[in-house]
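Novice: Please find one structure pasted underneath; my questions will follow.
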Amino acid sequence: MPSSVEVLICRCQGSVSGEFEIERLTKQLEKNKRIAKVHVLDHLCSQEGMKKLNQLVQVGEDSGLVVAACAAESLQNLLESQLPALNIKSQLCSIVPVREWVFWPSPRPRATEAAADMIKMAVARVRQVKDVGNWSAKGAVVNRLRCDKCKRCMEECPVDAYSLDEEGYPCANPELCQRCGICVGSCPLQVISLPDLRIEELSSEIRALKGDGSEEPTVLAFCCEPLTYPALQEKVALGMQLPQNMRIIKVPCMGAVNTALISDALSAGVDSVVLLGCEHGPCQQRRGDQLTKRRLENLKETLERMMFEVERVNYIGWPEASSDGMDVDRNICNGCLTCKEVCPYNAVIPEVKAVRGAKRIIAERDPLACRACGICTVACPSGACQTYALTEAQLLDSLDAACSDTVNPVPNEMVVLCNCQGKLSEVINFQSMKDNLDKQGFRHVIEVSQLCTPDAWRNLAKQGSHAALRAVVGACGKSFFGSRFEAFQKEIGLDLSYCAFADLLEKAILWPESPTLATDAATWEILTQSALLRENKKVNGVRDLELAGVEQYFSSYITTLRDLGPNPFKEG
Amino acid sequence: MSNSIPQALQSVQEVQLETDILVIGGGNAGCFAAIEAKKINPDLKVTIMEKANIDRSGCLAGGMDAINTYIPEGKTPEDLVRWSRSQAGGILREDLALEISKNLNEPIEEWERWGLPIKKNEDGSYKFRGQWDIAIQGSEMKPILAEKTREMGVEIINRVVATGYLYDGEKVVGAMGFGVRDGKFYVVKAKATIMAAGGAGGIYKPYTNDGNDCHHQIWYCPFDVGSGYALGIRKGAEMTTFEMRWSAVRTKDFNGPIDTISVCYKTPMINAKGEKILAERYKEFGGDKAPRYIRASAPMEEILAGRGPIYVDTRQMTPAQIKELKTDYLNERPSFVLFLAANGQDISKEPIEVYGSDPYIVGGHTASGYWVDTDWQTTVPGLFACGDVAGGVPNKFVGGCCAEGMLSARGAIKYIAGIDSIDADLSAQIETEKARVFAPLFSDSDGVLPHWMEEKMQRIMDEYAGGVHQFYRLNEERLDNALRHIRMMREQVKYLYAKDLHELMLAHEVIDRLDVAEVLIHHLKFRRETRWPGWQTRMDYPEIDPTLDCFVNSRVNPETGEVEVFTRPYEQILPGDRMKPTL
Amino acid sequence: MPPKVLLNKCDGCKAEHEPLCEQVCPGNLMTLGSEGKAICRDLRDCWDCMSCTKVCPQGAIETRMPYQIGYHPAKLIPMMGTNRITWTCVDINGKVERFIVKNRNEEEDED
Ligand SMILES: Cc1cc2nc3c(=O)[nH]c(=O)nc-3n(C[C@H](O)[C@H](O)[C@H](O)COP(=O)(O)OP(=O)(O)OC[C@H]3O[C@@H](n4cnc5c(N)ncnc54)[C@H](O)[C@@H]3O)c2cc1C
Ligand code: SF4
Ligand code: SF4
């Protein structure tokens with residue numbers, strides 16, 4: 001448990017501060033007696049920013065840090081690498097993506113209060129962080145002092161990682177454990193934790209949810225790490241409006257949500273709890289959705305007997321499942337079942353199917369078991385196994401591009417490079433990159449400085465409209481920027497499918513001391529993405545989701561909640 | 001479970017264990033004893049034998065809302081003992097009580113560190129609800145204690161019912177029992193044995209019981225059946241003060257605790273006419289501060305005088321207080337809140353009706369139990385006792401039981417210092433006990449069911465040995481009648497039939513209760529005076545007899561099997577009037 | 001007092017040999033019936049300590065007042081949270097009362 005917690009707010013070079021007043025936010029946070037100090041800086045993800053961070057945050061060994069910034073993976077990595085120097089344990093550091101959850105779904109009222117609410121929740125969680133033997137563990141850890149040996153964890157674990165030790169306590173084998181957290185959610189006594197998931201911590205975070213002070217109903221949304229969290233982030237980037245008082249907590253799987261946490265939320269006065277999970281999808285964690293739904297059914301029955309509105313608790317299956325996974329082309333599969341042999345997850349089921357009139361044995365994928373590892377894709381002698389994420393041809397093409405010196409870009413292929421207001425050009429030599437691309441035959445290379453603003457795109461649309469059939473966009477981290485990119489691409493009339501994205505920031509972080517290497521890597525990345533484009537297929541990670549559906553769902557749900565009135569626990 | 005029921009005595013599996021210290025009963029006192037022993041010497045092997053599961057067993061199963069004795073700042077252990085002495089009508093072991101009081105606060109503070117929420121005042125100090133009691137939120141106090149017990153490395157054997165001690169000559173060297181889940185016979189040899197199996201509920205018929213689903217609608221834990229006393233009685237250990245029975249004012253029909261209402265919220269007890277009984281009719285005994293037995297008998301006297309029903313008047317309470325009151329109950333006896341709801345009762349408008357409980361033998365509240373020395377060793381070497389099963393010190397409650405647990409562990413550790421191992425041949429007594437224990441499983445199924453005998457015993461005790469239906473009143477002739485029946489039933493235990501292991505446990509519960517009942521009757525007969533009206537109302541001897549200002553003790557003569565009753569003198573350490581709470 | 005097992009909710013603790021309610025009952029009263037669902041073997045012997053009701057992970061046990069001492073229908077339902085219990089009591093007239101009690105100290109208490 002940290003002795004104190006400090007908060008650091010990244011102003012994101014102005015892209016955040018316009019929307020909510022940093023000063024007011026700082027004042028609000030400083031009033032909270034659990035927060036020792038509040039720091040504000042610009043562009044935390046730049047070298048400059050990191051340097052500043054080192055100067056600003058000087059805390060003791062057991063202090064916690066809450067960073068209010070963005071959801072960029074690269075920022076996360078960057079911060080992770082800085083923590084040892086800052087003397088902060090990574091478990092005691094939490095990033096709050098205020099940018100995605102508060103700034104982007106803007107304009108919205110009371111954004112400052114919403115940000116403060118989120119930050120306070122994170123602080124409450126960090127304050128509870130404690131090593132219960134889980135920090136050094138690789139998988140789930142059972143607190144044997146409180147375990148009653150009921151073995152429900154064992155029953156519900158999707159990968160059979162549990163066995164009984166000599167004293168009869170269930171014990172997860174770290175080699176098998178996938179850290180899905182289903183056991184954490186299953187435990188009636190709440191005594192299981194993962195290396196980065198402890199119920200007491202989440203409970204504390206949840207109970208700190210107070211809303212932005214408006215009348216709007218508060219909604220606690222659990223999102224899963226593999227699917228709905230990134231998906232929701234994308235939605236928001238595409239302009240979707242989140243309910244004003246919705247707060248999001250990321251868990252590995254819906255199955256990791258212990259009903260005690262839902263109970264905590266409801267009794268703390270939160271108006272509604274939403275579990276945003278998959279729908280029978282090829283969920284990486286398998287069974288999570290079914291188990292969760294069963295648990296919710298039970299809880300709802302209890303709530304009903306409690307004369308408590310069951311509408312306040314909901315499972316939402318994300319409209320379209322993740323496209324990650326593999327598929328077997330029936331027309332090609334010859335039924336040799338090599339895939340079944342090699343599959344480490346037992347995800348292949350031989351099935352008798354009629355293919356073109358004749359009955360044949362073919363391989364079928366068990367969507368609940370498949371983890372899209374791709375081993376079958378490589379092993380399949382007939383090329384019938386394909387992963388959704390990347391076809392074999394795409395894979396080969398990109399390898400080609402990476403290995404050869406010349407690429408033949410499609411005429412009119414455009415490359416947009418964002419130097420992030422000079423932040424990226426601190427490391428990457430943009431001029432040499434441009435020269436290089438020119439040599440490769442790219443005729444439309446455009447450098448911009450702040451692609452994450454709508455203005456930049458409008459300009460771009462003017463400049464590139466004649467050429468923009470296909471484009472490779474080189475900018476900062478995928479989640480940092482990439483999701484916005486989908487929102488803006490419409491403005492210049494690009495079809496998303498013909499647009500690829502290269503993460504330059506990642507390269508800048510990898511080789512901050514070596515501009516040459518960083519520049520080379522960045523160029524390579526552009527070339528690889530361009531090669532992928534040539535397959536004319538949809539590109540990695542772009543999901544075609546029913547935007548309107550989700551948004552509509554939320555808005556009608558909020559209407560329901562408004563009609564219900566406040567949570568009956570709120571008064572007492 | 002059916003497959004674990006042994007089919008014949010020969011097929012009973014035996015589990016042999018050896019340990020340094022065996023604790024019988026992993027309740028409040030037992031867990032503290034085990035933890036203390038491990039604290040003093042982590043290398044010791046400490047074993048708990050528990051008939052239920054230490055996570056939720058004994059009095060604390062449902063929770064608690066107060067620690068009734070905790071010494072506030074500015075008060076001394078002596079102050080507490082003086083108060084306690086006066087509350088108990090002047091009879092208590094001052095040596096033991098002082099020692100307990102000196103060790104009273106420490107275990108509670110420790111419990112708090114382990115996770116027990118204690119209510120606080122604004123300034124962070126404990127919130128007292130009465131003179132000595134602090135308010136807690138103890139619904140989970142037992143699991144918290146159990147967790148600590150496991151953490152200390154205590155060996156725990158749950159679901160094993162202790163039935164008899166192991167003997168090496170005069171000394172106790174462990175205990176035997178049977179697994180109520182696995183049907184095995186357990187033999188645990190130990191250098192020292194600490195008895196902590198709680199008091200005795202269910203000796204008397206509760207008025208709530210009319211042969212229906214309310215059989216266990218009693219105040220005391222109905223699963224603490226006096227086995228702790230019975231094991232000692234059978235082996236000739238000396239018992240004290242059984243005649244000081246514990247009966248109390250309890251909520252009518254539910255039979256639940258009342259201190260929460262009357263102490264915490266200072267609600268007066270009123271009769272049907274609205275008179276404040278204690279303040280108006282018991283002024284000379286101290287009114288609301290009258291000794292516990294006076295407070296216990298007052299409402300029953302009112303009812304006899306035609307002024308019932310009796311209530312605690314909750315009508316002056318604020319809505320916030322009522323909410324808090326109910327919350328307190330949810331932490332202790334949650335179903336009382338359900339009881340109020342099931343009667344559609346709004347206690348801000350209707351007061352809560354109260355009535356006397358059935359009598360219990362509970363050394364944590366009165367002074368009944370094993371006679372122990374200042375190491376908490378009983379009169380049998382190697383055998384120690386603590387908690388509700390230990391005698392001499394009334395008003396121990398939770399805190400006192402914890403302290404006694406610790407003290408008995410210290411005594412036991414002192415005792416085992418010179419003992420290397422137990423190598424006596426115990427096989428004969430093991431065989432005898434095994435045959436006795438499993439007999440009801442193999443007896444004629446056309447016999448006596450444990451429930452029948454239990455109900456009969458409870459009715460006899462109620463009618464002839466001063467139960468609640470008799471307004472606790474006793475006389476010699478009725479007691480003789482009770483004794484005659486109890487003896488006949490003890491003769492009949494050979495007809496007890498149990499069809500499964502659970503019924504086997506029930507059979508032994510009634511066997512143990514009968515042993516306790518017999519000793520109790522002897523004590524009641526011996527004290528030919530009325531020292532504690534309500535707890536012990538001798539209609540044939542209504543006055544105090546100054547020659548009985550002493551302890552009444554008993555012991556079963558091993559040769560004759562007869563209960564012998566005798567006295568021990570009172571030893572006063574703290575000067576002053578023993579009937580006065582202060583100097 | 002006697003526990004009523006809601007058969008549609010009880011899953012017999014997934015048929016592990018000793019379900020939670022059976023484990024905790026201080027009176028050895030809860031057990032698994034032949035259908036793999038919990039039963040209270042002797043309603044008369046229950047102390048209504050509510051341990052079984054609180055521990056059941058499925059919320060499948062409801063404690064009832066015996067009619068002999070209380071009217072029908074009243075409910076008292078615990079919902080277990082992290083270190084706290086949320087109680088709802090519904091009396092025979094349908095009046096609802098709610099209580100939240102903390103049952104374990106946390107590392108750091110709320111302000
Ligand atoms: C309803 C109620 C409310 C109370 N309220 C308060 C209060 O508010 N404040 C306060 O200070 N005190 C209160 N008390 C008193 C206090 O709880 C007890 O005095 C104290 O807890 C007794 O501790 P113990 O260890 O002696 O008994 P227990 O905690 O009951 O432990 C006895 C243990 O022995 C086990 N056992 C019994 N027989 C056998 C056997 N044959 N073999 C193996 N194991 C066996 C039992 O299962 C149990 O675990 C209350 C008591 C009750 C019943
Ligand atoms: S604890 Fe609940 S789910 Fe488990 S067996 Fe008992 S009633 Fe059924
Ligand atoms: S309420 Fe208590 S005594 Fe009754 S069945 Fe449940 S656990 Fe057992």
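In the structure tokens, chains take the letters A, B, ... in the order shown, each chain's residues start at 1, and ligands count up from 1 in the order shown.
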Please list as JSON, numbers by chain every residue within 7 Å of stretch 26-33 of chain C, counting only C-alpha atoms and excluding residues in the same chain fewer than 4 positions away.
Specialist: {"B": [52, 53, 56, 57, 58, 61, 223], "C": [12, 21, 22, 37, 38, 39, 40, 41, 42]}
Novice: Identify, on the basis of only C-alpha atoms, every residue whose closest approach to stretch 46-55 of chain C does not exceed 10 Å; exclude the query and any residue fewer than 6 positions from it along the same chain; express the result as a PyMOL selection string.
Specialist: (chain A and resi 188-189) or (chain B and resi 55-57+59-63+139-140+213-223+332-336) or (chain C and resi 1-5+20-30+40+61-65+77-80+85)
Novice: Within 12 Å of chain A, which residues belong to chain B? Use only C-alpha atoms and report them as a PyMOL selection string.
Specialist: chain B and resi 53-56+140+142-156+158+320+323-324
Novice: Can those selected residues be exported to a file as a PDB file, in the first residue's frame so that it contains N, CA and C atoms?
Specialist:
ATOM      1  N   ASN B  53     -17.127 -25.980  11.836  1.00  0.00           N
ATOM      2  CA  ASN B  53     -16.023 -25.476  11.029  1.00  0.00           C
ATOM      3  C   ASN B  53     -15.620 -24.151  11.654  1.00  0.00           C
ATOM      4  N   ILE B  54     -14.356 -23.993  11.991  1.00  0.00           N
ATOM      5  CA  ILE B  54     -13.974 -22.809  12.770  1.00  0.00           C
ATOM      6  C   ILE B  54     -14.319 -21.501  12.063  1.00  0.00           C
ATOM      7  N   ASP B  55     -14.616 -21.559  10.769  1.00  0.00           N
ATOM      8  CA  ASP B  55     -15.006 -20.336  10.080  1.00  0.00           C
ATOM      9  C   ASP B  55     -16.316 -19.762  10.615  1.00  0.00           C
ATOM     10  N   ARG B  56     -17.189 -20.642  11.034  1.00  0.00           N
ATOM     11  CA  ARG B  56     -18.501 -20.186  11.522  1.00  0.00           C
ATOM     12  C   ARG B  56     -18.965 -21.156  12.581  1.00  0.00           C
ATOM     13  N   GLU B 140     -18.564 -10.591  10.677  1.00  0.00           N
ATOM     14  CA  GLU B 140     -17.561 -11.482  10.077  1.00  0.00           C
ATOM     15  C   GLU B 140     -16.408 -11.755  11.044  1.00  0.00           C
ATOM     16  N   LYS B 142     -15.867 -14.015  13.181  1.00  0.00           N
ATOM     17  CA  LYS B 142     -15.396 -15.402  13.291  1.00  0.00           C
ATOM     18  C   LYS B 142     -14.517 -15.786  12.101  1.00  0.00           C
ATOM     19  N   PRO B 143     -14.938 -15.521  10.862  1.00  0.00           N
ATOM     20  CA  PRO B 143     -14.022 -15.814   9.751  1.00  0.00           C
ATOM     21  C   PRO B 143     -12.683 -15.077   9.883  1.00  0.00           C
ATOM     22  N   ILE B 144     -12.723 -13.868  10.419  1.00  0.00           N
ATOM     23  CA  ILE B 144     -11.469 -13.125  10.580  1.00  0.00           C
ATOM     24  C   ILE B 144     -10.558 -13.849  11.576  1.00  0.00           C
ATOM     25  N   LEU B 145     -11.178 -14.311  12.649  1.00  0.00           N
ATOM     26  CA  LEU B 145     -10.406 -15.034  13.671  1.00  0.00           C
ATOM     27  C   LEU B 145      -9.876 -16.354  13.108  1.00  0.00           C
ATOM     28  N   ALA B 146     -10.720 -17.025  12.342  1.00  0.00           N
ATOM     29  CA  ALA B 146     -10.325 -18.309  11.766  1.00  0.00           C
ATOM     30  C   ALA B 146      -9.137 -18.128  10.817  1.00  0.00           C
ATOM     31  N   GLU B 147      -9.197 -17.048  10.073  1.00  0.00           N
ATOM     32  CA  GLU B 147      -8.133 -16.762   9.121  1.00  0.00           C
ATOM     33  C   GLU B 147      -6.798 -16.598   9.858  1.00  0.00           C
ATOM     34  N   LYS B 148      -6.859 -15.883  10.981  1.00  0.00           N
ATOM     35  CA  LYS B 148      -5.641 -15.665  11.757  1.00  0.00           C
ATOM     36  C   LYS B 148      -5.139 -16.986  12.331  1.00  0.00           C
ATOM     37  N   THR B 149      -6.079 -17.809  12.755  1.00  0.00           N
ATOM     38  CA  THR B 149      -5.703 -19.103  13.334  1.00  0.00           C
ATOM     39  C   THR B 149      -4.954 -19.939  12.293  1.00  0.00           C
ATOM     40  N   ARG B 150      -5.464 -19.914  11.073  1.00  0.00           N
ATOM     41  CA  ARG B 150      -4.777 -20.656   9.997  1.00  0.00           C
ATOM     42  C   ARG B 150      -3.414 -20.049   9.727  1.00  0.00           C
ATOM     43  N   GLU B 151      -3.384 -18.721   9.708  1.00  0.00           N
ATOM     44  CA  GLU B 151      -2.117 -18.042   9.397  1.00  0.00           C
ATOM     45  C   GLU B 151      -1.036 -18.422  10.399  1.00  0.00           C
ATOM     46  N   MET B 152      -1.437 -18.631  11.656  1.00  0.00           N
ATOM     47  CA  MET B 152      -0.452 -18.952  12.683  1.00  0.00           C
ATOM     48  C   MET B 152       0.050 -20.389  12.557  1.00  0.00           C
ATOM     49  N   GLY B 153      -0.541 -21.140  11.656  1.00  0.00           N
ATOM     50  CA  GLY B 153      -0.058 -22.504  11.436  1.00  0.00           C
ATOM     51  C   GLY B 153      -0.650 -23.522  12.399  1.00  0.00           C
ATOM     52  N   VAL B 154      -1.833 -23.218  12.896  1.00  0.00           N
ATOM     53  CA  VAL B 154      -2.502 -24.169  13.782  1.00  0.00           C
ATOM     54  C   VAL B 154      -3.118 -25.289  12.932  1.00  0.00           C
ATOM     55  N   GLU B 155      -2.953 -26.518  13.394  1.00  0.00           N
ATOM     56  CA  GLU B 155      -3.594 -27.629  12.678  1.00  0.00           C
ATOM     57  C   GLU B 155      -5.070 -27.653  13.069  1.00  0.00           C
ATOM     58  N   ILE B 156      -5.926 -27.693  12.070  1.00  0.00           N
ATOM     59  CA  ILE B 156      -7.356 -27.619  12.376  1.00  0.00           C
ATOM     60  C   ILE B 156      -8.060 -28.858  11.869  1.00  0.00           C
ATOM     61  N   ASN B 158     -11.625 -29.910  11.443  1.00  0.00           N
ATOM     62  CA  ASN B 158     -13.031 -29.518  11.507  1.00  0.00           C
ATOM     63  C   ASN B 158     -13.924 -30.749  11.462  1.00  0.00           C
ATOM     64  N   ALA B 320     -32.911   7.746  13.077  1.00  0.00           N
ATOM     65  CA  ALA B 320     -31.507   7.389  12.853  1.00  0.00           C
ATOM     66  C   ALA B 320     -31.078   6.311  13.847  1.00  0.00           C
ATOM     67  N   LYS B 323     -32.509   2.971  12.825  1.00  0.00           N
ATOM     68  CA  LYS B 323     -31.735   2.398  11.715  1.00  0.00           C
ATOM     69  C   LYS B 323     -30.445   1.769  12.253  1.00  0.00           C
ATOM     70  N   GLU B 324     -29.808   2.486  13.155  1.00  0.00           N
ATOM     71  CA  GLU B 324     -28.555   1.970  13.689  1.00  0.00           C
ATOM     72  C   GLU B 324     -28.798   0.720  14.538  1.00  0.00           C
TER      73      GLU B 324
END
Novice: Show me which residues line ligand 1, defined as having an atom within 7 Å of a ligand atom where only C-alpha atoms and all ligand atoms count, and present them as number ranges by chain.
Specialist: B: 24-30, 49-52, 54, 57-60, 64-69, 160-163, 196-199, 219-221, 223-228, 256-257, 332-333, 364-365, 386-389, 396-399, 401; C: 26
Novice: Atom CA of A:Glu201 and atom CA of B:Gly115, how far apart in Å?
Specialist: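 Pair atom CA of B:Gly115 / atom CA of A:Glu201 returns 16.4 Å.
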Novice: Counting only C-alpha atoms, which residues from chain C have an atom at most 6 Å from any atom of chain B, and could you show them as JSON, numbers by chain?
Specialist: {"C": [24, 26, 27, 43, 44, 45, 47, 49, 70, 71, 74, 76, 91, 92, 103, 104, 105]}
Novice: Could you save those same residues with C-alpha atoms as an mmCIF file, in the first residue's frame?
Specialist:
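result.cif, freshly written:
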data_model
loop_
_atom_site.group_PDB
_atom_site.id
_atom_site.type_symbol
_atom_site.label_atom_id
_atom_site.label_comp_id
_atom_site.auth_asym_id
_atom_site.auth_seq_id
_atom_site.Cartn_x
_atom_site.Cartn_y
_atom_site.Cartn_z
ATOM 1 C CA VAL C 24 -20.082 -23.467 7.209
ATOM 2 C CA PRO C 26 -22.380 -24.597 12.721
ATOM 3 C CA GLY C 27 -25.097 -27.171 13.270
ATOM 4 C CA LEU C 43 -35.414 -27.171 9.753
ATOM 5 C CA ARG C 44 -36.267 -27.421 13.432
ATOM 6 C CA ASP C 45 -32.603 -27.362 14.420
ATOM 7 C CA TRP C 47 -30.353 -21.298 14.679
ATOM 8 C CA CYS C 49 -27.391 -17.632 12.146
ATOM 9 C CA GLY C 70 -43.851 -14.451 12.301
ATOM 10 C CA TYR C 71 -46.341 -13.759 9.557
ATOM 11 C CA ALA C 74 -41.242 -11.161 4.983
ATOM 12 C CA LEU C 76 -34.277 -10.384 4.690
ATOM 13 C CA ASP C 91 -41.819 -6.557 5.796
ATOM 14 C CA ILE C 92 -45.198 -8.231 5.471
ATOM 15 C CA ASN C 103 -17.828 -6.330 8.064
ATOM 16 C CA ARG C 104 -14.095 -6.118 7.686
ATOM 17 C CA ASN C 105 -11.633 -3.319 8.128
#
Novice: Restricting the calculation to only C-alpha atoms: of C:Gly36, C:Trp87, C:His72, C:Leu7, which residue gets closest to chain A?
Specialist: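 Looking at the shortest contact to chain A, the residue is C:Trp87.
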Novice: Contacts from chain A to chain C, 7 Å maximum, only C-alpha atoms: show me the residue list as number ranges by chain.
Specialist: A: 128, 150, 152, 188, 200, 203, 260-261, 263-264, 267, 298, 302, 306
Novice: Quote the spacing between atom CA of B:Gly124 and atom CA of A:Gly211 in Å to one decimal place.
Specialist: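 Going from atom CA of B:Gly124 over to atom CA of A:Gly211 covers 29.4 Å.
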Novice: DSSP on the backbone: what in stretch 109-217 of chain B comes out strand (DSSP E), as an MDAnalysis selection string?
Specialist: chainID B and resid 134:135 155:157 160:168 171:179 185:195
Novice: List every residue of stretch 131-375 of chain B that DSSP, applied to the backbone of this structure, places in helix (DSSP H, G or I), and write the result as an MDAnalysis selection string.
Specialist: chainID B and resid 141:151 227:234 259:262 277:281 283:285 287:289 292:304 319:332 335:342
Novice: Taking 6 positions as the minimum chain separation for residues in the same chain, which residues sit within 10 Å of stretch 268-273 of chain A when counting only C-alpha atoms? Answer as an MDAnalysis selection string.
Specialist: (chainID A and resid 206:211 216:222 245:247 261:262 309:315 557:558 561:562 564:572) or (chainID C and resid 86 100)
Novice: Which one is closest to B:Trp246: B:Pro42, B:Gly534, B:Pro351, B:Gly382? Count only C-alpha atoms.
Specialist: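 Among the listed residues, the smallest separation from B:Trp246 belongs to B:Gly534.
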Novice: Applying 10 Å and only C-alpha atoms, which residues near A:Val550 remain after dropping the ones on its own chain fewer than 6 positions away? List them as a list in words.
Specialist: Leu232, Lys235, Met240, Gln241, Leu242, Ile316, Trp318 and Pro319 of chain A
Novice: Can those selected residues be exported to a file as a PDB file, in the first residue's frame so that it contains N, CA and C atoms?
Specialist:
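Okay, this is what ended up in result-v5.pdb:
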ATOM      1  N   LEU A 232     -14.487   0.198 -27.703  1.00  0.00           N
ATOM      2  CA  LEU A 232     -15.217   1.368 -27.238  1.00  0.00           C
ATOM      3  C   LEU A 232     -14.386   2.629 -27.457  1.00  0.00           C
ATOM      4  N   LYS A 235     -14.780   3.616 -30.929  1.00  0.00           N
ATOM      5  CA  LYS A 235     -16.088   4.242 -31.126  1.00  0.00           C
ATOM      6  C   LYS A 235     -16.043   5.699 -30.722  1.00  0.00           C
ATOM      7  N   MET A 240     -18.531   8.797 -31.173  1.00  0.00           N
ATOM      8  CA  MET A 240     -19.674   8.335 -30.409  1.00  0.00           C
ATOM      9  C   MET A 240     -19.755   9.059 -29.074  1.00  0.00           C
ATOM     10  N   GLN A 241     -20.978   9.327 -28.645  1.00  0.00           N
ATOM     11  CA  GLN A 241     -21.171   9.972 -27.357  1.00  0.00           C
ATOM     12  C   GLN A 241     -21.362   8.920 -26.273  1.00  0.00           C
ATOM     13  N   LEU A 242     -20.513   8.995 -25.268  1.00  0.00           N
ATOM     14  CA  LEU A 242     -20.708   8.105 -24.131  1.00  0.00           C
ATOM     15  C   LEU A 242     -21.661   8.793 -23.162  1.00  0.00           C
ATOM     16  N   ILE A 316     -24.032  -6.451 -21.894  1.00  0.00           N
ATOM     17  CA  ILE A 316     -24.199  -6.086 -23.298  1.00  0.00           C
ATOM     18  C   ILE A 316     -23.175  -6.845 -24.113  1.00  0.00           C
ATOM     19  N   TRP A 318     -21.142  -7.141 -27.230  1.00  0.00           N
ATOM     20  CA  TRP A 318     -20.714  -6.184 -28.254  1.00  0.00           C
ATOM     21  C   TRP A 318     -21.297  -6.601 -29.595  1.00  0.00           C
ATOM     22  N   PRO A 319     -21.845  -5.651 -30.375  1.00  0.00           N
ATOM     23  CA  PRO A 319     -22.606  -6.003 -31.573  1.00  0.00           C
ATOM     24  C   PRO A 319     -21.892  -6.953 -32.521  1.00  0.00           C
TER      25      PRO A 319
END
Novice: Leaving out B:Ala465 and any residue of its chain fewer than 5 positions from it, which residues lie within 8 Å of it when counting only C-alpha atoms, given as a ChimeraX atom specification?
Specialist: /B:460,472-474,478-479,482,521
